[in-house]
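Participant: Below is the structure I would like to discuss, written out as C-alpha cells.
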Amino acid sequence: MEVSTRFRDVPVTVGTFSGPLDLLLHLVQSRQLPVTTVSLRAVTEQFLAALGPIEEAQPELLADFLAVASRLTALKARALLPRPAAEQQEEPEDRLVHDLAVYQAFREAAAWLQARETAGFRSWTRVPRLWPEPRVVRGSPEQLTRALLRWARRCRPVPRLLRLRPVVALPTMIERLRARLRGRQTFRVLLGARPTASEVAVGLLALLTLVRRREVVVEQPEPFGAIWVERRISDGAG
Amino acid sequence: MVQVDRVALLGALLFTAGEPVAKERLAAAVESSGEELEGLLEELARRATGVGLVLLEHQGRVQLATAPEVHGVIKTFLGRAEEARLSPAALETLAIVAYAQPVTRAEIEALRGVDSTAALQTLLAHGLIEPVGRRSMPGQPIEYGTTAAFLERFGLPNLGALPPLPEEVRQLLAARREAH
Amino acid sequence: MVQVDRVALLGALLFTAGEPVAKERLAAAVESSGEELEGLLEELARRATGVGLVLLEHQGRVQLATAPEVHGVIKTFLGRAEEARLSPAALETLAIVAYAQPVTRAEIEALRGVDSTAALQTLLAHGLIEPVGRRSMPGQPIEYGTTAAFLERFGLPNLGALPPLPEEVRQLLAARREAH
C-alpha cells in the first residue's frame, strides 16, 4: 500500500527536532521538495507517524506538534474530500506554507550563526581597566533581590503543559474505524466518546485512507457539517 | 598647541571605556556634530583594522573589540575554556530575535510553532538578548532585542552584517506585522 | 590559508590582555623570533598612534595604553561619565556573591548554569567583589566575597542589611550549593 510504505523510507529520529515546524521542514527537505502545499500534503502521514515517539520523548511539546498536525490534516482533507466550488476560492492552507517558508529562512539564519560559533569566529572586548580611574557603579539592594527572583524563576523546571493520552498510530486507528463501522454512521460517533485532538487528527487521516482504499464512502451534506461514513459495497458482492 | 587628531582621541576614549559608549557622549567629547562623528568613526574603524581591532555598533553605542579574523590565537593566548554551544532551539530563537527585533515571546512562538520559554531563558542567561521595552498592546508584553555581547560572540560589527533574509520572507514578515 | 597580519594579531592580543605581557609569550603567540618581534612591535607602535594608543615597555613586558596627549580629554570624559550600568548577567552574579559568600566560581556557574568568567571580571574590575580566601578542597579554588566599596555603592551599612530573600529562593540557593 502506497500510503503506509511511503513514510518508512525516511526514518525520523525522535527528540532531535526543535519543534513541529523543524520536523515538517526536515520531512519536506528529505524528499528534496520545495515548500509548497503539495509537498506538505505529501508528508502528512509521515508527520503524524512521528507524533507517538515524540510524545514519549518530549510530552511537553506534544500540544505544539498537534497544532501543526491538525493544520496539516485539514490541508490534506481539502485535497481528498470533494468540496463545494465556492470553498475552493479561498486557500487558507497557504498560511501554513508561508509559515514554513518564513521558518525555513530563520533556520538558515540560525545555521549561519552556528557555523560562526563552531568556527569560533568571534570578537573579544576589553574589560574596563582600573586605570586611570574606575567608572563607578551604583545600585540598590532591591536590584540584587530582583536579580535573584529572576534567577529563581529561571531555575524552575519548564512546566508540562498538557498530559495527553498516547497518540494513536494510523494503522491502529484504521483498524478501530473498521471495527466500529456498522451501516451508516457519522465520523464523530466512529471516533468514540470524547476523542482527544490527536485522535481527531489521526482519525480523519485514517478515514481518508479508507476512502482511498475504496473500503468506505463518505458524504458531507454541508460544509463543516457532519461527515457520514458507510461501508462500500464491494464489486464482487454486487 | 598641536591640534589633537580627533580620530585618535576617539580611539583612546573607547579603549579606556572598554564598554559600549553612546555616540552623543563621544560627539560631545570630541566637540563634533553627529554627522561629523560618523565620518570620524568610519576613519577610526579603518585605522583600527591595522591593529587587529573592529568597531562594534549597537543601539547607538560603539565599542572597540578584536577582529574576528584573529580569534583562534587569542583564545589560546587567553586560555579561555571552550564556550558551551547553544542548542538548535536557542540558536533558532536567537536568529529570530536578531532579525525581527524588537519581538515578543508570543511572536517568536508563532514563528517557531513551539513554546520558547526555555530557549529565551538560556539566551537571557548568556546575555545574548535582553528586554528592550514593552509592546503597547493589551498585557504590555516584553519586547526582546539582541545585545552588544551577541555581536561580540558572533564576530559581527553591527546587525547590518547579518546575511539578508530572502525578499519574499521579508515581505511576509512585514505583511504580518501590519496585520497586528 | 589567509596570511594573518601579525602586527594586527599582536595589537588584538595586547588589547584583550589588558595587562603587561612578556615578550616571550608574544613571540610564541605569533610564532616569531625575538628579533622579528621587535620589528613587529615597532610597526604596531606606529599604527597604534593613529587610534590614540601607545606601546608601553617595562622590564621586557609590553602593554597598550592611551597616548599621554589625550589624558586631559579622557579625564573630563570619565568625570562626566553617566553612571556605569551592570549587565543583567553581572548583576545576577553580584547578587549571588552577596547572598552566598564566600562562594567559588564553580559554585556560581553551577547556580547560574552558564559560564560566568566575564561577569566576574567585570565585578572585580569595578571593585565590587574580591578574592577572600581559598576553599580547602582539591584544587583550592578561590572564594569570592563582596567589598567595602560594594556596601557603599549599594547603600548598605553592612551585609546584614541585605533585604531578606523569600524562603523559596533561600532554599534554592542553599540546595544548589550543597548539591555541587
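In the C-alpha cells, chains take the letters A, B, ... in the order shown, each chain's residues start at 1, and ligands count up from 1 in the order shown.
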Only residues of chain B matter here; which ones have an atom within 8 Å of chain A, counting only C-alpha atoms? Give them as a ChimeraX atom specification.

Facilitator: /B:15-19,63-69,71-72,85,88-89,91-92,94-96,111-115,117-118,121,151-156,163,165-166,169,172-173

Participant: Produce a file of the selected residues containing C-alpha atoms, as a compact mmCIF listing (two decimals), in the first residue's frame.

Facilitator:
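Generated file (selection27.txt):
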# COMPACT_ATOMS: atom_id res chain seq x y z
CA PHE B 15 39.95 51.98 24.63
CA THR B 16 39.64 53.42 28.14
CA ALA B 17 35.89 52.94 28.39
CA GLY B 18 36.05 49.25 27.44
CA GLU B 19 32.27 49.03 27.33
CA GLN B 63 32.77 49.74 21.40
CA LEU B 64 36.23 48.54 20.40
CA ALA B 65 36.74 44.77 20.08
CA THR B 66 39.20 42.37 18.47
CA ALA B 67 38.74 41.46 14.82
CA PRO B 68 37.11 38.06 14.39
CA GLU B 69 39.86 37.01 11.96
CA HIS B 71 40.05 34.70 17.15
CA GLY B 72 41.96 31.41 17.25
CA ARG B 85 27.47 25.56 22.38
CA PRO B 88 19.40 24.29 17.97
CA ALA B 89 16.29 25.68 19.70
CA LEU B 91 20.07 29.35 18.03
CA GLU B 92 16.77 29.39 16.15
CA LEU B 94 18.36 33.90 18.67
CA ALA B 95 18.15 34.20 14.87
CA ILE B 96 14.51 35.30 15.15
CA LEU B 111 7.25 31.89 14.11
CA ARG B 112 8.78 28.74 15.62
CA GLY B 113 5.48 26.94 16.20
CA VAL B 114 6.62 25.84 19.62
CA ASP B 115 6.87 27.02 23.22
CA THR B 117 10.28 29.80 27.27
CA ALA B 118 13.36 27.66 27.91
CA GLN B 121 15.78 31.94 29.33
CA LEU B 151 27.71 40.96 18.26
CA GLU B 152 30.90 40.13 20.13
CA ARG B 153 30.14 36.43 20.38
CA PHE B 154 29.40 36.08 16.67
CA GLY B 155 32.09 38.48 15.46
CA LEU B 156 29.65 40.94 13.86
CA PRO B 163 23.05 37.96 5.87
CA LEU B 165 16.63 37.34 4.55
CA PRO B 166 15.10 36.33 1.18
CA VAL B 169 10.26 36.25 3.51
CA LEU B 172 5.67 38.06 4.50
CA LEU B 173 7.07 39.30 7.81

Participant: Could you work out which residues of chain C fall inside 7 Å of chain B? Count only C-alpha atoms, and format the result as an MDAnalysis selection string.

Facilitator: chainID C and resid 7:9 11:13 29 44 47:53 66 70 74 77 89 114

Participant: Chain B least-squares fit onto chain C, all C-alpha atoms in order: RMSD in Å?

Facilitator: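 Here the C-alpha RMSD works out to 14.6 Å.
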
Participant: Compare A:Pro141, A:Gly52, A:Pro171, A:Gly183 by their minimum atom-to-atom distance to Ser198 in chain A, counting only C-alpha atoms, and give me the closest one.

Facilitator: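 Among the listed residues, the smallest separation from Ser198 in chain A belongs to A:Gly52.
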
Participant: Among range 66-148 of chain B, which ones does DSSP place in strand (DSSP E or B), written as number ranges by chain?

Facilitator: B: 66, 103-104, 129-134, 142-146

Participant: Give me a file of those residues, with N, CA, C and O atoms, as a PDB file, in the first residue's frame.

Facilitator:
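The result, written out as selection22.pdb:
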ATOM      1  N   THR B  66      38.213  42.977  19.373  1.00  0.00           N
ATOM      2  CA  THR B  66      39.197  42.374  18.469  1.00  0.00           C
ATOM      3  C   THR B  66      38.523  41.901  17.197  1.00  0.00           C
ATOM      4  O   THR B  66      37.356  41.533  17.197  1.00  0.00           O
ATOM      5  N   VAL B 103      10.944  42.044  19.404  1.00  0.00           N
ATOM      6  CA  VAL B 103       9.973  40.967  19.167  1.00  0.00           C
ATOM      7  C   VAL B 103       9.513  40.389  20.501  1.00  0.00           C
ATOM      8  O   VAL B 103      10.292  40.330  21.452  1.00  0.00           O
ATOM      9  N   THR B 104       8.236  40.035  20.583  1.00  0.00           N
ATOM     10  CA  THR B 104       7.706  39.496  21.839  1.00  0.00           C
ATOM     11  C   THR B 104       7.801  37.973  21.851  1.00  0.00           C
ATOM     12  O   THR B 104       8.009  37.357  20.812  1.00  0.00           O
ATOM     13  N   ILE B 129      20.547  38.180  24.565  1.00  0.00           N
ATOM     14  CA  ILE B 129      19.376  39.008  24.314  1.00  0.00           C
ATOM     15  C   ILE B 129      19.002  39.707  25.610  1.00  0.00           C
ATOM     16  O   ILE B 129      19.456  39.304  26.688  1.00  0.00           O
ATOM     17  N   GLU B 130      18.166  40.743  25.497  1.00  0.00           N
ATOM     18  CA  GLU B 130      17.723  41.447  26.701  1.00  0.00           C
ATOM     19  C   GLU B 130      16.366  42.083  26.423  1.00  0.00           C
ATOM     20  O   GLU B 130      16.019  42.313  25.263  1.00  0.00           O
ATOM     21  N   PRO B 131      15.602  42.349  27.494  1.00  0.00           N
ATOM     22  CA  PRO B 131      14.351  43.078  27.304  1.00  0.00           C
ATOM     23  C   PRO B 131      14.686  44.491  26.844  1.00  0.00           C
ATOM     24  O   PRO B 131      15.589  45.113  27.400  1.00  0.00           O
ATOM     25  N   VAL B 132      14.012  44.960  25.793  1.00  0.00           N
ATOM     26  CA  VAL B 132      14.329  46.303  25.303  1.00  0.00           C
ATOM     27  C   VAL B 132      13.139  47.246  25.425  1.00  0.00           C
ATOM     28  O   VAL B 132      13.235  48.424  25.100  1.00  0.00           O
ATOM     29  N   GLY B 133      11.998  46.722  25.892  1.00  0.00           N
ATOM     30  CA  GLY B 133      10.841  47.589  26.056  1.00  0.00           C
ATOM     31  C   GLY B 133       9.582  46.759  26.206  1.00  0.00           C
ATOM     32  O   GLY B 133       9.660  45.544  26.398  1.00  0.00           O
ATOM     33  N   ARG B 134       8.441  47.458  26.163  1.00  0.00           N
ATOM     34  CA  ARG B 134       7.182  46.732  26.236  1.00  0.00           C
ATOM     35  C   ARG B 134       6.311  47.149  25.063  1.00  0.00           C
ATOM     36  O   ARG B 134       6.269  48.323  24.708  1.00  0.00           O
ATOM     37  N   ILE B 142       6.664  41.948  27.038  1.00  0.00           N
ATOM     38  CA  ILE B 142       8.061  42.387  26.934  1.00  0.00           C
ATOM     39  C   ILE B 142       8.561  42.181  25.505  1.00  0.00           C
ATOM     40  O   ILE B 142       8.280  41.168  24.884  1.00  0.00           O
ATOM     41  N   GLU B 143       9.278  43.189  25.006  1.00  0.00           N
ATOM     42  CA  GLU B 143       9.927  43.048  23.705  1.00  0.00           C
ATOM     43  C   GLU B 143      11.399  42.721  23.931  1.00  0.00           C
ATOM     44  O   GLU B 143      12.038  43.302  24.806  1.00  0.00           O
ATOM     45  N   TYR B 144      11.940  41.799  23.135  1.00  0.00           N
ATOM     46  CA  TYR B 144      13.337  41.413  23.269  1.00  0.00           C
ATOM     47  C   TYR B 144      14.161  41.901  22.085  1.00  0.00           C
ATOM     48  O   TYR B 144      13.658  42.035  20.970  1.00  0.00           O
ATOM     49  N   GLY B 145      15.447  42.174  22.354  1.00  0.00           N
ATOM     50  CA  GLY B 145      16.391  42.542  21.305  1.00  0.00           C
ATOM     51  C   GLY B 145      17.731  41.894  21.618  1.00  0.00           C
ATOM     52  O   GLY B 145      17.928  41.366  22.713  1.00  0.00           O
ATOM     53  N   THR B 146      18.654  41.923  20.652  1.00  0.00           N
ATOM     54  CA  THR B 146      19.978  41.359  20.903  1.00  0.00           C
ATOM     55  C   THR B 146      20.864  42.386  21.610  1.00  0.00           C
ATOM     56  O   THR B 146      20.581  43.568  21.603  1.00  0.00           O
TER      57      THR B 146
END

Participant: Which parts of chain B does DSSP call alpha helix (DSSP H) when run on the backbone here, written out as a PyMOL selection string?

Facilitator: chain B and resi 6-17+23-29+34-50+71-78+88-100+105-112+117-125+148-153+167-179

Participant: Closest to Val38 in chain A among A:Leu181, A:Leu144, A:Leu75, A:Leu210, using only C-alpha atoms?

Facilitator: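 Using only C-alpha atoms, Val38 in chain A sits closest to A:Leu75.
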